[in-house]
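Undergrad: Below is a structure I'd like to ask you about.
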Amino acid sequence: MKSLLKLTWVELKLFFREPLTLVFSFALPVVFLLVMGGVFGNKPDTTGMHIYRGVGAVNYYNPAYIALVLASIGIVAMPVHLTAYRERRVLKRFHASSLSVWHIVGSQVLVSFFIAVLGSILLTIVSMLVYHSEAPKMWGYLIPAFILGTLCFTSLGVMLGAILPNTRAAQGVGLMLFFVMMILGGAGPPPEVMGTVMRDVGKATPIWYVIELLQDPWLGFGWQVIASLIVGGITLVATAITVKFFKWD
Amino acid sequence: MECKKSPSIFDNSLSPSYDLMVMLNGSVIEVSNLRKTYKSIAAIDDVSFQVREGEIFGLLGPNGAGKTTTVECLQGLRHRDSGIIKVLGFDPEADASSLKKLIGSQLQESALPDRIKVWEALDLFASTGKIAVDWSALIEQWGLKEKRNAAFGTLSGGQRQRLLIALALVNNPKVVFLDEMTTGLDPAARRVTWDLIKAIRDRGTTVILVTHFMDEAENLCDRIAIMNNGKLAALDTPQNLINIHANQIKVIFSTERTDIDWLKTVPHVHTFSRNGRQVAVEGDGPVLALVASELVKHGIVPLDLRKEQPSLEDVFLKITGRSVVE
Ligand SMILES: Nc1ncnc2c1ncn2[C@@H]1O[C@H](COP(=O)(O)OP(=O)(O)OP(=O)(O)O)[C@@H](O)[C@H]1O
Ligand SMILES: [Mg+2]
């Protein structure tokens, strides 16, 4: 327990010393929110097309970009971090001490939560200050949705870190997945205006369901049962794959 | 076997068979019939040995001999094909988590995150041991005081190496594995390292030292195992290895003269060889005096006539049949 906390603390500091991941986790979602808010404002759509589920664009995007924060931590930062650890034999050195896989994974999960909470608060404060967006409506559903979403992307990140052979692969795969998810998964243009192909691709990405899971309680629509099952399922499968393929060197 | 200063050696948290093992034969590591094969290469081929408590045990051998594989099997970092290993009474794979708290490790190749600071690394690894340790003394001993707040990525090669050795000791291990610990250290740092390792041994820690430096092995090791092609080729104290495997005395001198074939007929001379002006005579017993007097009789009075004691290097060359590659 003591070493888990120490490792988490060190990992947290290392996260803040890595400029690139800071940009992806904190700056990018805020910049997107400002751009989208600047273009679409926060007035609910009245054309009858029901764009943005009938709510203001910023209200819509705020939970979506929280999902983007989670995705950037899990998909961009974590695989590169873990493959670099393996490549440089940092993992092996950890293995030689009494740190176990659970220390490694546990510290990543805790760091993810911390960064996710921080990034989400930052994002929400900006959207409230700049666009007077509304506060989340159903906290009782939002909090479990947030936890589930964070676990999902962390488990995917650890899985990619376990199966990708090296840092280059992790960088390529991570960034590609991130941008596909960002644009098609529901954090880009509103799904209502996307073509069916785009929407189908979007629906094949985990972020689609994490956004649904976060957005519904945020906007007061309730709990998305199917999305929660899918997100939970992805988490379990990713964890199983990690357990099977994790290598120290 | 008496209880030394460090009381935790007989800490009841150690495995039950450990006390018994140490009392019966004083060994903290037992290896029998260890084997490890990579595809077609037998990296370790039926190796057995024991390491006694409180000794510095050297592991020598040419590149690819299987030294790293052996010490990594002992630490539970690699899976062995067969054989029995007991370290402090534990099986390194089956009892990995109990064992790892009690051992220290400096790997031949490893690193830390580039942006971790020296003190953070020590603090982190100190928390992985059984007891809380004060690592500030280590920072000082290993010459890292000025670098306390420096990031790992900004350290020089030798500074990194010193930090990695310090990390191997930070959990107060009972057994410490050092794989080429002085590689990359300057001569002064090497001497300091030797002294520190001796001090650690004197406090009761058992040290397994993999090295390519003959002076290091001769200076530090109580016993030395020489590995070759995955096999244990010899195991003894440095002096015994020399007495048994390199009992020849070398007499060396320089001369321009080439008519020296009569050297062969001098009693106690076995062979001689010539390399430019330098002549090396191998023999035994009083060979120096006999060669000297014959040289004078033949009108050769070299200024540099000297006897060379056989060294560990001679043993190494003889046993492995090649020269030391670094
Ligand atoms: N992961 C691996 N996969 C395949 N072969 C390996 C692996 N690790 C080691 N070997 C082989 O096993 C043999 C022993 O390697 P090992 O690293 O134990 O040698 P060593 O004695 O430590 O050598 P050195 O002095 O160069 O460090 C070598 O032939 C090496 O090529
Ligand atoms: Mg080696």
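Ordering of the structure tokens sets the chain letters (A, B, ...); residue numbers start at 1 within each chain; ligands are numbered from 1 in the order shown.
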From a DSSP calculation on the backbone, collect every residue of segment 11-102 of chain B in strand (DSSP E or B) and output the set as a ChimeraX atom specification.
TA: /B:27-38,41-52,56-60,82-87,90
Undergrad: Please report, as an MDAnalysis selection string, each residue of segment 45-207 of chain A to which DSSP assigns alpha helix (DSSP H) when run on this structure's backbone.
TA: chainID A and resid 57:71 78:87 90:96 101:131 139:163 167:184 196:203 206:207
Undergrad: May I have the residues within 9 Å of ligand 2, computed using only C-alpha atoms and all ligand atoms, as a ChimeraX atom specification?
TA: /B:63-69,71,107-109,179-180,210-211
Undergrad: I'd like to know which of B:Gly26, B:Ser98, B:Lys39, B:Gly61 is closest to chain A, using only C-alpha atoms.
TA: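 Among the listed residues, B:Ser98 lies closest to chain A.
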Undergrad: Identify every residue of chain B that has at least one atom within 6 Å of any atom of chain A, counting only C-alpha atoms, and report the result as a ChimeraX atom specification.
TA: /B:97,100-101,110-112,124,127-128
Undergrad: Would you put the residues from that selection into a file with all heavy atoms, as a CSV table (one decimal), in the first residue's frame?
TA:
chain,number,residue,atom,x,y,z
B,97,SER,N,7.2,-12.4,-4.4
B,97,SER,CA,6.9,-11.1,-3.7
B,97,SER,C,7.6,-11.1,-2.3
B,97,SER,O,8.1,-10.1,-1.9
B,97,SER,CB,5.5,-10.8,-3.6
B,97,SER,OG,4.8,-11.8,-2.8
B,100,LYS,N,11.5,-10.6,-3.1
B,100,LYS,CA,12.0,-9.4,-3.7
B,100,LYS,C,12.1,-8.3,-2.6
B,100,LYS,O,12.9,-7.3,-2.8
B,100,LYS,CB,11.1,-9.0,-4.8
B,100,LYS,CG,11.4,-9.7,-6.1
B,100,LYS,CD,10.4,-9.5,-7.2
B,100,LYS,CE,10.8,-10.3,-8.4
B,100,LYS,NZ,9.7,-10.4,-9.3
B,101,LYS,N,11.4,-8.4,-1.5
B,101,LYS,CA,11.5,-7.4,-0.5
B,101,LYS,C,12.9,-7.5,0.2
B,101,LYS,O,13.4,-6.6,0.8
B,101,LYS,CB,10.4,-7.6,0.6
B,101,LYS,CG,9.1,-7.1,0.1
B,101,LYS,CD,8.1,-7.1,1.3
B,101,LYS,CE,6.9,-6.3,1.1
B,101,LYS,NZ,6.0,-6.9,0.1
B,110,SER,N,19.2,-1.3,-17.3
B,110,SER,CA,17.9,-0.8,-16.9
B,110,SER,C,18.0,0.7,-16.8
B,110,SER,O,19.1,1.3,-16.9
B,110,SER,CB,17.5,-1.5,-15.5
B,110,SER,OG,18.2,-0.9,-14.5
B,111,ALA,N,16.9,1.3,-16.6
B,111,ALA,CA,16.9,2.7,-16.5
B,111,ALA,C,15.7,3.2,-15.6
B,111,ALA,O,14.9,2.3,-15.2
B,111,ALA,CB,16.7,3.4,-17.9
B,112,LEU,N,15.6,4.5,-15.4
B,112,LEU,CA,14.5,5.0,-14.7
B,112,LEU,C,13.8,6.0,-15.6
B,112,LEU,O,14.4,6.4,-16.6
B,112,LEU,CB,15.0,5.7,-13.4
B,112,LEU,CG,15.7,4.8,-12.4
B,112,LEU,CD1,16.3,5.7,-11.3
B,112,LEU,CD2,14.8,3.8,-11.8
B,124,LEU,N,11.2,6.2,-3.6
B,124,LEU,CA,10.2,5.2,-4.1
B,124,LEU,C,10.7,3.8,-3.8
B,124,LEU,O,10.0,3.0,-3.3
B,124,LEU,CB,10.0,5.4,-5.6
B,124,LEU,CG,9.3,4.4,-6.3
B,124,LEU,CD1,7.8,4.3,-5.9
B,124,LEU,CD2,9.3,4.6,-7.9
B,127,SER,N,10.6,2.5,-0.3
B,127,SER,CA,9.3,2.0,0.2
B,127,SER,C,9.0,0.6,-0.2
B,127,SER,O,8.0,0.0,0.2
B,127,SER,CB,8.2,3.0,-0.4
B,127,SER,OG,8.0,2.7,-1.7
B,128,THR,N,9.8,0.0,-1.1
B,128,THR,CA,9.5,-1.4,-1.5
B,128,THR,C,10.1,-2.4,-0.6
B,128,THR,O,9.8,-3.6,-0.8
B,128,THR,CB,10.0,-1.7,-3.0
B,128,THR,OG1,11.4,-1.5,-2.9
B,128,THR,CG2,9.4,-0.6,-3.9
